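This is model-v1.pdb. It holds PDB, C-alpha atoms.
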```pdb
ATOM      1  CA  MET R   7      17.508  -0.284   2.499
ATOM      2  CA  ALA R   8      18.034  -3.920   1.653
ATOM      3  CA  GLU R   9      19.914  -5.359  -1.244
ATOM      4  CA  ALA R  10      18.286  -5.295  -4.658
ATOM      5  CA  LEU R  11      15.597  -7.755  -5.666
ATOM      6  CA  SER R  12      16.659 -10.949  -7.390
ATOM      7  CA  ASP R  13      15.535 -11.727 -10.935
ATOM      8  CA  ARG R  14      13.105 -14.272  -9.548
ATOM      9  CA  GLU R  15      11.673 -11.752  -7.126
ATOM     10  CA  PHE R  16      11.189  -9.258  -9.952
ATOM     11  CA  ILE R  17       9.178 -11.889 -11.807
ATOM     12  CA  ARG R  18       7.266 -13.086  -8.743
ATOM     13  CA  TYR R  19       6.250  -9.584  -7.663
ATOM     14  CA  SER R  20       5.975  -8.033 -11.134
ATOM     15  CA  ARG R  21       2.256  -7.229 -10.963
ATOM     16  CA  GLN R  22       2.408  -5.404  -7.645
ATOM     17  CA  LEU R  23       5.670  -3.651  -8.577
ATOM     18  CA  MET R  24       3.682  -1.954 -11.337
ATOM     19  CA  LEU R  25       1.578  -0.088  -8.774
ATOM     20  CA  ASP R  26       2.496   3.564  -8.194
ATOM     21  CA  GLN R  27       2.128   3.068  -4.450
ATOM     22  CA  TRP R  28       4.401   0.008  -4.460
ATOM     23  CA  GLN R  29       7.329  -0.043  -6.919
ATOM     24  CA  GLU R  30      10.744  -1.598  -6.250
ATOM     25  CA  GLU R  31      11.391   0.624  -3.247
ATOM     26  CA  GLY R  32       8.204  -0.570  -1.623
ATOM     27  CA  GLN R  33       9.026  -4.214  -2.337
ATOM     28  CA  LEU R  34      12.398  -3.760  -0.667
ATOM     29  CA  ARG R  35      10.635  -2.290   2.366
ATOM     30  CA  LEU R  36       8.426  -5.364   2.547
ATOM     31  CA  LYS R  37      11.431  -7.638   2.172
ATOM     32  CA  GLN R  38      13.024  -5.950   5.192
ATOM     33  CA  ALA R  39       9.839  -6.041   7.266
ATOM     34  CA  LYS R  40       9.253  -8.279  10.270
ATOM     35  CA  VAL R  41       5.656  -8.935  11.255
ATOM     36  CA  LEU R  42       4.293 -10.824  14.267
ATOM     37  CA  ILE R  43       0.903 -12.488  13.833
ATOM     38  CA  ILE R  44      -0.916 -13.419  17.050
ATOM     39  CA  GLY R  45      -3.484 -16.110  16.296
ATOM     40  CA  CYS R  46      -3.516 -18.620  13.443
ATOM     41  CA  GLY R  47      -7.281 -18.982  13.131
ATOM     42  CA  GLY R  48      -9.411 -17.612  10.323
ATOM     43  CA  LEU R  49      -7.990 -14.093  10.302
ATOM     44  CA  GLY R  50      -4.423 -15.295  10.763
ATOM     45  CA  ASN R  51      -4.733 -17.820   7.923
ATOM     46  CA  THR R  52      -5.831 -15.357   5.276
ATOM     47  CA  ALA R  53      -3.844 -12.357   6.506
ATOM     48  CA  ALA R  54      -0.612 -14.363   6.785
ATOM     49  CA  SER R  55      -1.089 -15.875   3.359
ATOM     50  CA  LEU R  56      -1.586 -12.451   1.776
ATOM     51  CA  LEU R  57       1.484 -11.038   3.539
ATOM     52  CA  ALA R  58       3.569 -14.061   2.542
ATOM     53  CA  GLY R  59       2.416 -13.750  -1.028
ATOM     54  CA  ALA R  60       3.204 -10.042  -1.050
ATOM     55  CA  GLY R  61       6.773 -10.754   0.051
ATOM     56  CA  VAL R  62       6.937  -9.587   3.680
ATOM     57  CA  GLY R  63      10.438 -10.755   4.582
ATOM     58  CA  GLN R  64       9.818 -12.329   7.960
ATOM     59  CA  LEU R  65       6.568 -13.603   9.452
ATOM     60  CA  THR R  66       6.356 -14.906  13.010
ATOM     61  CA  LEU R  67       3.232 -16.930  13.810
ATOM     62  CA  MET R  68       2.056 -17.488  17.370
ATOM     63  CA  ASP R  69      -0.777 -19.804  18.447
ATOM     64  CA  ASP R  70      -1.048 -22.564  21.041
ATOM     65  CA  ASP R  71      -4.046 -24.250  19.438
ATOM     66  CA  SER R  72      -4.379 -27.291  17.188
ATOM     67  CA  VAL R  73      -6.413 -27.688  14.022
ATOM     68  CA  GLU R  74      -9.964 -29.038  14.424
ATOM     69  CA  LEU R  75     -12.495 -30.173  11.856
ATOM     70  CA  SER R  76     -14.765 -27.213  12.656
ATOM     71  CA  ASN R  77     -11.935 -24.818  11.711
ATOM     72  CA  LEU R  78     -11.704 -25.902   8.091
ATOM     73  CA  PRO R  79     -14.554 -23.819   6.584
ATOM     74  CA  ARG R  80     -12.722 -20.557   7.343
ATOM     75  CA  GLN R  81      -9.111 -21.455   8.164
ATOM     76  CA  ILE R  82      -8.361 -22.088   4.550
ATOM     77  CA  SER R  83      -4.692 -23.028   4.746
ATOM     78  CA  TYR R  84      -5.478 -26.197   6.693
ATOM     79  CA  GLU R  85      -6.387 -29.570   5.271
ATOM     80  CA  MET R  86      -7.869 -32.739   6.735
ATOM     81  CA  ASP R  87      -4.350 -34.073   7.307
ATOM     82  CA  ASP R  88      -3.586 -31.075   9.546
ATOM     83  CA  ILE R  89      -6.251 -31.996  12.124
ATOM     84  CA  ASP R  90      -4.708 -32.277  15.608
ATOM     85  CA  ASN R  91      -1.487 -30.638  14.393
ATOM     86  CA  ALA R  92      -0.334 -27.319  15.849
ATOM     87  CA  LYS R  93      -1.831 -24.430  13.915
ATOM     88  CA  ALA R  94       1.339 -22.345  14.016
ATOM     89  CA  PHE R  95       3.410 -25.162  12.484
ATOM     90  CA  ALA R  96       0.783 -26.146   9.900
ATOM     91  CA  LEU R  97       0.341 -22.554   8.746
ATOM     92  CA  ALA R  98       4.097 -21.982   8.651
ATOM     93  CA  ASN R  99       4.553 -25.037   6.439
ATOM     94  CA  ARG R 100       1.901 -23.764   4.041
ATOM     95  CA  LEU R 101       3.434 -20.287   3.858
ATOM     96  CA  ARG R 102       6.879 -21.727   3.149
ATOM     97  CA  GLU R 103       5.400 -23.671   0.250
ATOM     98  CA  GLN R 104       3.703 -20.503  -0.947
ATOM     99  CA  ASN R 105       6.837 -18.330  -0.881
ATOM    100  CA  ASP R 106      10.305 -19.728  -0.205
ATOM    101  CA  ASP R 107      11.880 -16.281  -0.550
ATOM    102  CA  ILE R 108      10.627 -15.303   2.907
ATOM    103  CA  GLU R 109      11.385 -16.484   6.427
ATOM    104  CA  VAL R 110       8.575 -17.965   8.518
ATOM    105  CA  ILE R 111       8.944 -18.594  12.258
ATOM    106  CA  ALA R 112       6.327 -20.647  14.121
ATOM    107  CA  LEU R 113       5.757 -20.453  17.889
ATOM    108  CA  LYS R 114       3.341 -22.896  19.501
ATOM    109  CA  GLN R 115       2.412 -20.844  22.506
ATOM    110  CA  ARG R 116      -0.230 -18.519  23.847
ATOM    111  CA  PHE R 117       0.524 -14.816  24.007
ATOM    112  CA  ASP R 118       0.981 -13.891  27.667
ATOM    113  CA  LEU R 119       3.020 -11.510  29.777
ATOM    114  CA  SER R 120       6.116 -13.680  29.880
ATOM    115  CA  CYS R 121       6.267 -14.172  26.142
ATOM    116  CA  ALA R 122       5.502 -10.475  25.575
ATOM    117  CA  LYS R 123       8.816  -9.690  27.223
ATOM    118  CA  HIS R 124      10.698 -12.018  24.909
ATOM    119  CA  HIS R 125       8.842 -11.545  21.665
ATOM    120  CA  LEU R 126       7.510  -7.991  21.517
ATOM    121  CA  ILE R 127      10.751  -6.650  20.141
ATOM    122  CA  LYS R 128      12.208  -5.932  16.754
ATOM    123  CA  PHE R 129       8.938  -6.148  14.884
ATOM    124  CA  ASP R 130       7.750  -3.520  12.433
ATOM    125  CA  LEU R 131       4.116  -4.466  12.949
ATOM    126  CA  VAL R 132       1.989  -6.777  15.084
ATOM    127  CA  LEU R 133      -1.281  -8.235  13.805
ATOM    128  CA  ASP R 134      -3.926  -9.143  16.365
ATOM    129  CA  CYS R 135      -5.804 -12.113  14.926
ATOM    130  CA  SER R 136      -6.625 -13.621  18.315
ATOM    131  CA  ASP R 137      -9.971 -14.958  19.469
ATOM    132  CA  ASN R 138     -10.410 -13.662  23.031
ATOM    133  CA  PHE R 139     -10.480 -10.374  24.931
ATOM    134  CA  THR R 140      -7.817 -11.364  27.441
ATOM    135  CA  THR R 141      -5.279 -11.569  24.638
ATOM    136  CA  ARG R 142      -6.646  -8.491  22.858
ATOM    137  CA  PHE R 143      -6.383  -6.209  25.890
ATOM    138  CA  LEU R 144      -2.989  -7.589  26.933
ATOM    139  CA  LEU R 145      -1.563  -7.313  23.421
ATOM    140  CA  ASN R 146      -2.814  -3.738  23.132
ATOM    141  CA  GLN R 147      -1.261  -2.785  26.476
ATOM    142  CA  GLN R 148       2.040  -4.442  25.686
ATOM    143  CA  CYS R 149       2.323  -3.017  22.168
ATOM    144  CA  VAL R 150       1.611   0.489  23.475
ATOM    145  CA  ALA R 151       4.261   0.032  26.171
ATOM    146  CA  ALA R 152       6.789  -1.403  23.693
ATOM    147  CA  GLN R 153       5.923   1.286  21.114
ATOM    148  CA  LEU R 154       5.084  -1.294  18.476
ATOM    149  CA  PRO R 155       2.419  -0.623  15.840
ATOM    150  CA  LEU R 156      -0.593  -2.915  16.316
ATOM    151  CA  LEU R 157      -3.205  -3.699  13.681
ATOM    152  CA  SER R 158      -6.179  -5.226  15.449
ATOM    153  CA  ALA R 159      -8.867  -7.145  13.559
ATOM    154  CA  SER R 160     -11.789  -9.161  14.860
ATOM    155  CA  VAL R 161     -14.763 -10.898  13.333
ATOM    156  CA  ILE R 162     -17.956 -12.593  14.399
ATOM    157  CA  GLY R 163     -21.085 -13.583  12.539
ATOM    158  CA  TRP R 164     -21.036 -11.376   9.451
ATOM    159  CA  HIS R 165     -19.312  -8.409  11.109
ATOM    160  CA  GLY R 166     -15.769  -7.227  11.663
ATOM    161  CA  GLN R 167     -13.810  -4.495  13.416
ATOM    162  CA  LEU R 168     -10.433  -3.110  12.371
ATOM    163  CA  LEU R 169      -8.178  -0.462  13.882
ATOM    164  CA  MET R 170      -4.498   0.470  13.921
ATOM    165  CA  ILE R 171      -2.630   1.737  16.976
ATOM    166  CA  THR R 172       0.764   3.319  16.324
ATOM    167  CA  PRO R 173       3.191   5.208  18.568
ATOM    168  CA  LYS R 174       3.053   8.164  16.166
ATOM    169  CA  THR R 175      -0.737   8.440  16.297
ATOM    170  CA  LEU R 176      -1.324   7.686  19.964
ATOM    171  CA  GLU R 177      -3.158  10.999  20.330
ATOM    172  CA  TYR R 178      -6.089   9.096  18.828
ATOM    173  CA  GLY R 179      -5.874   6.495  21.558
ATOM    174  CA  CYS R 180      -5.636   2.728  21.590
ATOM    175  CA  TYR R 181      -7.895  -0.327  21.561
ATOM    176  CA  GLN R 182      -8.821   0.160  25.195
ATOM    177  CA  CYS R 183      -9.757   3.820  24.608
ATOM    178  CA  VAL R 184     -12.493   2.509  22.314
ATOM    179  CA  PHE R 185     -13.439  -0.522  24.396
ATOM    180  CA  ALA R 186     -12.859   0.132  28.087
ATOM    181  CA  THR R 187     -14.178  -3.319  28.960
ATOM    182  CA  ALA R 188     -15.579  -6.339  27.162
ATOM    183  CA  ASP R 189     -17.042  -9.695  27.999
ATOM    184  CA  ASP R 190     -15.541 -12.899  26.601
ATOM    185  CA  GLN R 191     -18.829 -14.703  27.166
ATOM    186  CA  VAL R 192     -20.711 -12.386  24.829
ATOM    187  CA  SER R 193     -19.055 -12.583  21.475
ATOM    188  CA  ASN R 194     -16.751 -15.220  20.174
ATOM    189  CA  CYS R 195     -16.969 -17.577  17.221
ATOM    190  CA  ASN R 196     -17.611 -20.615  19.420
ATOM    191  CA  ASN R 197     -20.827 -19.275  20.920
ATOM    192  CA  SER R 198     -22.073 -16.931  18.205
ATOM    193  CA  GLY R 199     -20.980 -18.461  14.914
ATOM    194  CA  VAL R 200     -19.087 -16.896  12.036
ATOM    195  CA  ALA R 201     -19.178 -16.898   8.238
ATOM    196  CA  GLY R 202     -15.949 -17.957   6.559
ATOM    197  CA  SER R 203     -16.459 -15.445   3.769
ATOM    198  CA  ALA R 204     -16.803 -12.612   6.314
ATOM    199  CA  VAL R 205     -13.584 -13.755   7.979
ATOM    200  CA  ALA R 206     -11.780 -13.605   4.633
ATOM    201  CA  ILE R 207     -13.118 -10.099   3.961
ATOM    202  CA  VAL R 208     -11.965  -8.763   7.330
ATOM    203  CA  ALA R 209      -8.596 -10.520   7.058
ATOM    204  CA  SER R 210      -8.120  -9.072   3.585
ATOM    205  CA  TYR R 211      -8.805  -5.577   4.901
ATOM    206  CA  GLN R 212      -6.285  -6.272   7.648
ATOM    207  CA  ALA R 213      -3.630  -7.517   5.220
ATOM    208  CA  ASN R 214      -4.280  -4.586   2.891
ATOM    209  CA  GLU R 215      -3.748  -2.103   5.713
ATOM    210  CA  ALA R 216      -0.661  -3.977   6.915
ATOM    211  CA  ILE R 217       0.915  -3.868   3.475
ATOM    212  CA  ARG R 218       0.060  -0.198   2.999
ATOM    213  CA  PHE R 219       1.567   0.598   6.402
ATOM    214  CA  LEU R 220       4.757  -1.339   5.642
ATOM    215  CA  LEU R 221       5.012   0.425   2.279
ATOM    216  CA  GLY R 222       5.065   3.683   4.224
ATOM    217  CA  HIS R 223       1.581   4.980   3.508
ATOM    218  CA  VAL R 224      -0.593   6.745   6.053
ATOM    219  CA  SER R 225      -3.618   4.768   7.135
ATOM    220  CA  ALA R 226      -6.935   6.327   8.123
ATOM    221  CA  LEU R 227      -7.240   3.423  10.540
ATOM    222  CA  SER R 228      -4.502   4.947  12.707
ATOM    223  CA  GLN R 229      -7.045   7.456  13.964
ATOM    224  CA  SER R 230     -10.280   5.562  13.499
ATOM    225  CA  ILE R 231     -12.011   2.214  13.776
ATOM    226  CA  LEU R 232     -13.641   0.556  10.783
ATOM    227  CA  LEU R 233     -16.850  -1.363  11.421
ATOM    228  CA  ILE R 234     -17.329  -3.872   8.614
ATOM    229  CA  ASP R 235     -20.834  -5.134   7.902
ATOM    230  CA  THR R 236     -20.778  -7.822   5.230
ATOM    231  CA  LEU R 237     -24.556  -8.221   5.405
ATOM    232  CA  SER R 238     -25.424  -4.711   4.277
ATOM    233  CA  ALA R 239     -22.069  -3.801   2.651
ATOM    234  CA  ASN R 240     -22.412  -0.639   4.735
ATOM    235  CA  ASN R 241     -19.078  -0.067   6.445
ATOM    236  CA  GLN R 242     -18.626   2.697   8.977
ATOM    237  CA  LEU R 243     -15.437   4.634   9.760
ATOM    238  CA  LEU R 244     -15.523   6.199  13.231
ATOM    239  CA  GLN R 245     -12.974   8.744  14.444
ATOM    240  CA  ARG R 246     -11.206   7.762  17.659
ATOM    241  CA  THR R 247     -10.358   9.841  20.711
ATOM    242  CA  ARG R 248      -7.732   9.132  23.341
ATOM    243  CA  ASN R 249      -8.934   8.588  26.879
ATOM    244  CA  ILE R 250      -6.419  10.350  29.109
ATOM    245  CA  ASP R 251      -7.385   7.962  31.911
ATOM    246  CA  CYS R 252      -6.868   4.836  29.758
ATOM    247  CA  VAL R 253      -5.019   2.116  31.672
ATOM    248  CA  ALA R 254      -3.074   1.188  28.529
ATOM    249  CA  CYS R 255      -2.123   4.516  26.939
ATOM    250  CA  GLY R 256      -3.348   7.180  29.372
ATOM    251  CA  ASP R 257      -1.347   9.534  31.513
ATOM    252  CA  ASN R 258      -1.215   7.044  34.393
ATOM    253  CA  ARG R 259       0.015   4.014  32.512
ATOM    254  CA  SER R 260       3.327   3.668  34.326
ATOM    255  CA  MET R 261       2.037   0.539  36.018
ATOM    256  CA  ILE R 262       1.684  -1.139  32.628
ATOM    257  CA  ASP R 263       5.038   0.132  31.370
ATOM    258  CA  ALA R 264       6.755  -1.429  34.339
ATOM    259  CA  VAL R 265       5.543  -4.939  33.534
TER     260      VAL R 265
ATOM    261  CA  MET Q 139     -44.057  26.296  27.729
ATOM    262  CA  PRO Q 140     -42.429  24.614  24.688
ATOM    263  CA  SER Q 141     -41.244  21.040  25.074
ATOM    264  CA  ASN Q 142     -37.551  20.332  24.967
ATOM    265  CA  ASP Q 143     -38.157  16.808  23.666
ATOM    266  CA  GLN Q 144     -35.991  15.922  20.715
ATOM    267  CA  TRP Q 145     -34.855  12.731  18.975
ATOM    268  CA  VAL Q 146     -31.552  11.043  18.498
ATOM    269  CA  SER Q 147     -31.125   8.082  16.177
ATOM    270  CA  VAL Q 148     -29.414   4.891  17.353
ATOM    271  CA  ASN Q 149     -27.593   2.632  14.887
ATOM    272  CA  GLN Q 150     -29.617   4.086  12.009
ATOM    273  CA  HIS Q 151     -32.801   2.219  12.829
ATOM    274  CA  GLN Q 152     -34.039   3.340  16.229
ATOM    275  CA  LYS Q 153     -35.116   6.714  17.561
ATOM    276  CA  ILE Q 154     -34.912   7.684  21.210
ATOM    277  CA  THR Q 155     -36.550  10.690  22.819
ATOM    278  CA  ILE Q 156     -34.239  12.937  24.788
ATOM    279  CA  GLU Q 157     -34.565  16.174  26.688
ATOM    280  CA  ALA Q 158     -32.507  18.556  24.590
ATOM    281  CA  GLY Q 159     -29.657  20.180  26.465
ATOM    282  CA  THR Q 160     -30.170  17.977  29.519
ATOM    283  CA  SER Q 161     -30.040  14.302  28.544
ATOM    284  CA  THR Q 162     -26.595  12.727  28.490
ATOM    285  CA  LEU Q 163     -25.192   9.638  26.836
ATOM    286  CA  VAL Q 164     -25.570   7.823  30.138
ATOM    287  CA  ASP Q 165     -29.294   8.622  30.150
ATOM    288  CA  VAL Q 166     -29.725   7.210  26.642
ATOM    289  CA  LEU Q 167     -27.830   4.028  27.461
ATOM    290  CA  ARG Q 168     -29.915   3.603  30.609
ATOM    291  CA  GLU Q 169     -33.118   3.976  28.609
ATOM    292  CA  LEU Q 170     -31.865   1.398  26.117
ATOM    293  CA  GLU Q 171     -30.890  -0.891  29.023
ATOM    294  CA  ILE Q 172     -27.372  -1.181  27.634
ATOM    295  CA  ASP Q 173     -24.536  -1.805  30.077
ATOM    296  CA  SER Q 174     -21.164  -0.118  29.921
ATOM    297  CA  LYS Q 175     -19.452  -2.799  27.840
ATOM    298  CA  VAL Q 176     -19.999  -0.923  24.590
ATOM    299  CA  ALA Q 177     -18.420   1.820  22.544
ATOM    300  CA  VAL Q 178     -20.404   4.888  21.564
ATOM    301  CA  ALA Q 179     -19.923   7.343  18.712
ATOM    302  CA  ILE Q 180     -21.847  10.544  18.073
ATOM    303  CA  ASP Q 181     -21.969  11.542  14.423
ATOM    304  CA  ASN Q 182     -19.077   9.152  13.657
ATOM    305  CA  GLN Q 183     -16.868  10.435  16.487
ATOM    306  CA  ILE Q 184     -16.105   7.996  19.318
ATOM    307  CA  VAL Q 185     -16.851   9.331  22.803
ATOM    308  CA  THR Q 186     -14.632   7.695  25.417
ATOM    309  CA  GLN Q 187     -16.497   6.086  28.280
ATOM    310  CA  SER Q 188     -15.182   8.517  30.876
ATOM    311  CA  ALA Q 189     -16.838  11.366  28.952
ATOM    312  CA  TRP Q 190     -20.303   9.789  28.742
ATOM    313  CA  PRO Q 191     -21.746  11.420  31.878
ATOM    314  CA  ASP Q 192     -20.759  14.886  30.664
ATOM    315  CA  THR Q 193     -21.809  14.454  27.049
ATOM    316  CA  VAL Q 194     -25.089  16.342  26.675
ATOM    317  CA  LEU Q 195     -27.301  15.682  23.673
ATOM    318  CA  HIS Q 196     -29.157  18.395  21.780
ATOM    319  CA  GLY Q 197     -31.278  16.399  19.356
ATOM    320  CA  GLY Q 198     -30.612  15.243  15.823
ATOM    321  CA  GLU Q 199     -27.430  13.375  16.697
ATOM    322  CA  GLN Q 200     -26.730   9.985  15.164
ATOM    323  CA  LEU Q 201     -25.492   7.543  17.785
ATOM    324  CA  SER Q 202     -23.550   4.398  16.952
ATOM    325  CA  ILE Q 203     -23.511   1.908  19.811
ATOM    326  CA  PHE Q 204     -21.558  -1.323  19.438
ATOM    327  CA  GLY Q 205     -19.713  -3.884  21.512
ATOM    328  CA  ALA Q 206     -16.223  -5.199  21.009
ATOM    329  CA  ILE Q 207     -15.998  -8.509  19.197
ATOM    330  CA  ALA Q 208     -13.308 -11.016  19.956
ATOM    331  CA  GLY Q 209     -13.445 -13.624  17.216
ATOM    332  CA  GLY Q 210     -10.487 -14.293  15.022
TER     333      GLY Q 210
END
```
Let's see the structure in the file written out as structure tokens.
Amino acid sequence: MAEALSDREFIRYSRQLMLDQWQEEGQLRLKQAKVLIIGCGGLGNTAASLLAGAGVGQLTLMDDDSVELSNLPRQISYEMDDIDNAKAFALANRLREQNDDIEVIALKQRFDLSCAKHHLIKFDLVLDCSDNFTTRFLLNQQCVAAQLPLLSASVIGWHGQLLMITPKTLEYGCYQCVFATADDQVSNCNNSGVAGSAVAIVASYQANEAIRFLLGHVSALSQSILLIDTLSANNQLLQRTRNIDCVACGDNRSMIDAV
Amino acid sequence: MPSNDQWVSVNQHQKITIEAGTSTLVDVLRELEIDSKVAVAIDNQIVTQSAWPDTVLHGGEQLSIFGAIAGG
């Protein structure tokens, strides 16, 4: 376990240290933790900010996009002056202002196979905050192969989906066991719209589960998928099952492992 | 001869007639004109796509049918 907390850290984190499920031991776990966040859009903004505030020791942000005016309603760390700047750098700057006791690394690049080789190492947790199925399926496959825990969140309209895939709970399958295929043309924020408040709700769920996982608590989302409906406030927790023929985690996944 | 017709509910607001003990998940999806790019749960338990053809319905089940969403 890491060195003790500084006096300033005790003051900064005093309210969460009071929680039975947190305490100093938990804060030290967070301080040691390294989290990779793929996507610095709406989910990435709020989730990263909550993890930075909570004191996760190292956050790595990856996104190849730049800030646009239409992002500002839901990507709440960005300001007018950030327009046309790289999202990863703009978000990193904001997080460093928020908490200078943590390390923030910004990578302006898209997640692809080549960067998976270089970057999917030495992380305690990966957050999928991306905005397309190509990245979602690839990230799932690569995290399964690299045995890295993946916390996948997505949002559109007023609805969200959240699930955790961990090496220790792979008997409940992975993202692709739930969704064998998907169509990028059907559901993304550009063609279907999204409510900023719904994004913040889903991202907060994601950050909450990330923190609980890093604190060492068991998450129900490791064996289920949570469907979040912010219109009816009627969320649904569905138990997952592994597909033995899954191309990402099934018995014949050697082709993926070899990548 | 008694009818084997039964109901299953879909996403809590729609009822579909099935032939109990014979109809499968694939039959229900075909009737709903839903393609394969969805996930399906029966009574809050996900059924993987490869098991759809062999999953026989008996009536009274609650189906949840939903697509993946990509937005972030």
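Candidate residues Q:Val194, Q:Ile207, Q:Ile172, Q:Leu201 were compared for distance to chain R, and the nearest is Q:Ile207, using all atoms listed in the file.
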Counting all atoms listed in the file, which residues of chain Q come no farther than 8 Å from chain R, as a ChimeraX atom specification? /Q:174-177,179,182-188,205-210
Create the file for the chosen residues now, containing C-alpha atoms and written as a PDB file, in the coordinates of the input.
```pdb
ATOM      1  CA  SER Q 174     -21.164  -0.118  29.921  1.00  0.00           C
ATOM      2  CA  LYS Q 175     -19.452  -2.799  27.840  1.00  0.00           C
ATOM      3  CA  VAL Q 176     -19.999  -0.923  24.590  1.00  0.00           C
ATOM      4  CA  ALA Q 177     -18.420   1.820  22.544  1.00  0.00           C
ATOM      5  CA  ALA Q 179     -19.923   7.343  18.712  1.00  0.00           C
ATOM      6  CA  ASN Q 182     -19.077   9.152  13.657  1.00  0.00           C
ATOM      7  CA  GLN Q 183     -16.868  10.435  16.487  1.00  0.00           C
ATOM      8  CA  ILE Q 184     -16.105   7.996  19.318  1.00  0.00           C
ATOM      9  CA  VAL Q 185     -16.851   9.331  22.803  1.00  0.00           C
ATOM     10  CA  THR Q 186     -14.632   7.695  25.417  1.00  0.00           C
ATOM     11  CA  GLN Q 187     -16.497   6.086  28.280  1.00  0.00           C
ATOM     12  CA  SER Q 188     -15.182   8.517  30.876  1.00  0.00           C
ATOM     13  CA  GLY Q 205     -19.713  -3.884  21.512  1.00  0.00           C
ATOM     14  CA  ALA Q 206     -16.223  -5.199  21.009  1.00  0.00           C
ATOM     15  CA  ILE Q 207     -15.998  -8.509  19.197  1.00  0.00           C
ATOM     16  CA  ALA Q 208     -13.308 -11.016  19.956  1.00  0.00           C
ATOM     17  CA  GLY Q 209     -13.445 -13.624  17.216  1.00  0.00           C
ATOM     18  CA  GLY Q 210     -10.487 -14.293  15.022  1.00  0.00           C
TER      19      GLY Q 210
END
```
Please write the residues picked by the PyMOL selection byres ((chain Q and resi 149) around 10) on this file as a PyMOL selection string. chain Q and resi 146-148+150-153+179+200-204
Report the residues retrieved by the PyMOL selection byres ((chain Q and resi 163) around 9) from the displayed file, expressed as a count of residues only. 15
Running the PyMOL selection byres ((chain R and resi 71-73) around 8) on this model by hand, what would come out? Give it as a ChimeraX atom specification. /R:69-70,74-75,77,84,88-94,114-115
Completion of stretch 184-198 of chain Q up to N, CA and C atoms, as an mmCIF file, in the frame of the given file:
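Generated file (rebuild-v4.cif):
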```
data_model
loop_
_atom_site.group_PDB
_atom_site.id
_atom_site.type_symbol
_atom_site.label_atom_id
_atom_site.label_comp_id
_atom_site.auth_asym_id
_atom_site.auth_seq_id
_atom_site.Cartn_x
_atom_site.Cartn_y
_atom_site.Cartn_z
ATOM 1 N N ILE Q 184 -16.047 8.786 18.083
ATOM 2 C CA ILE Q 184 -16.105 7.996 19.318
ATOM 3 C C ILE Q 184 -16.056 8.917 20.542
ATOM 4 N N VAL Q 185 -16.893 8.615 21.518
ATOM 5 C CA VAL Q 185 -16.851 9.331 22.803
ATOM 6 C C VAL Q 185 -16.333 8.338 23.839
ATOM 7 N N THR Q 186 -15.194 8.641 24.454
ATOM 8 C CA THR Q 186 -14.632 7.695 25.417
ATOM 9 C C THR Q 186 -15.560 7.570 26.622
ATOM 10 N N GLN Q 187 -15.516 6.407 27.234
ATOM 11 C CA GLN Q 187 -16.497 6.086 28.280
ATOM 12 C C GLN Q 187 -16.471 7.089 29.433
ATOM 13 N N SER Q 188 -15.281 7.579 29.748
ATOM 14 C CA SER Q 188 -15.182 8.517 30.876
ATOM 15 C C SER Q 188 -15.910 9.833 30.585
ATOM 16 N N ALA Q 189 -16.177 10.106 29.309
ATOM 17 C CA ALA Q 189 -16.838 11.366 28.952
ATOM 18 C C ALA Q 189 -18.355 11.213 28.807
ATOM 19 N N TRP Q 190 -18.859 9.991 28.938
ATOM 20 C CA TRP Q 190 -20.303 9.789 28.742
ATOM 21 C C TRP Q 190 -21.176 10.632 29.681
ATOM 22 N N PRO Q 191 -20.840 10.680 30.977
ATOM 23 C CA PRO Q 191 -21.746 11.420 31.878
ATOM 24 C C PRO Q 191 -21.831 12.916 31.553
ATOM 25 N N ASP Q 192 -20.784 13.450 30.932
ATOM 26 C CA ASP Q 192 -20.759 14.886 30.664
ATOM 27 C C ASP Q 192 -21.128 15.225 29.224
ATOM 28 N N THR Q 193 -21.471 14.205 28.449
ATOM 29 C CA THR Q 193 -21.809 14.454 27.049
ATOM 30 C C THR Q 193 -23.316 14.684 26.922
ATOM 31 N N VAL Q 194 -23.681 15.944 26.742
ATOM 32 C CA VAL Q 194 -25.089 16.342 26.675
ATOM 33 C C VAL Q 194 -25.552 16.313 25.220
ATOM 34 N N LEU Q 195 -26.744 15.796 25.026
ATOM 35 C CA LEU Q 195 -27.301 15.682 23.673
ATOM 36 C C LEU Q 195 -28.276 16.828 23.403
ATOM 37 N N HIS Q 196 -28.336 17.232 22.136
ATOM 38 C CA HIS Q 196 -29.157 18.395 21.780
ATOM 39 C C HIS Q 196 -30.269 18.053 20.796
ATOM 40 N N GLY Q 197 -30.254 16.801 20.322
ATOM 41 C CA GLY Q 197 -31.278 16.399 19.356
ATOM 42 C C GLY Q 197 -30.708 16.379 17.950
ATOM 43 N N GLY Q 198 -31.085 15.355 17.198
ATOM 44 C CA GLY Q 198 -30.612 15.243 15.823
ATOM 45 C C GLY Q 198 -29.319 14.458 15.675
#
```
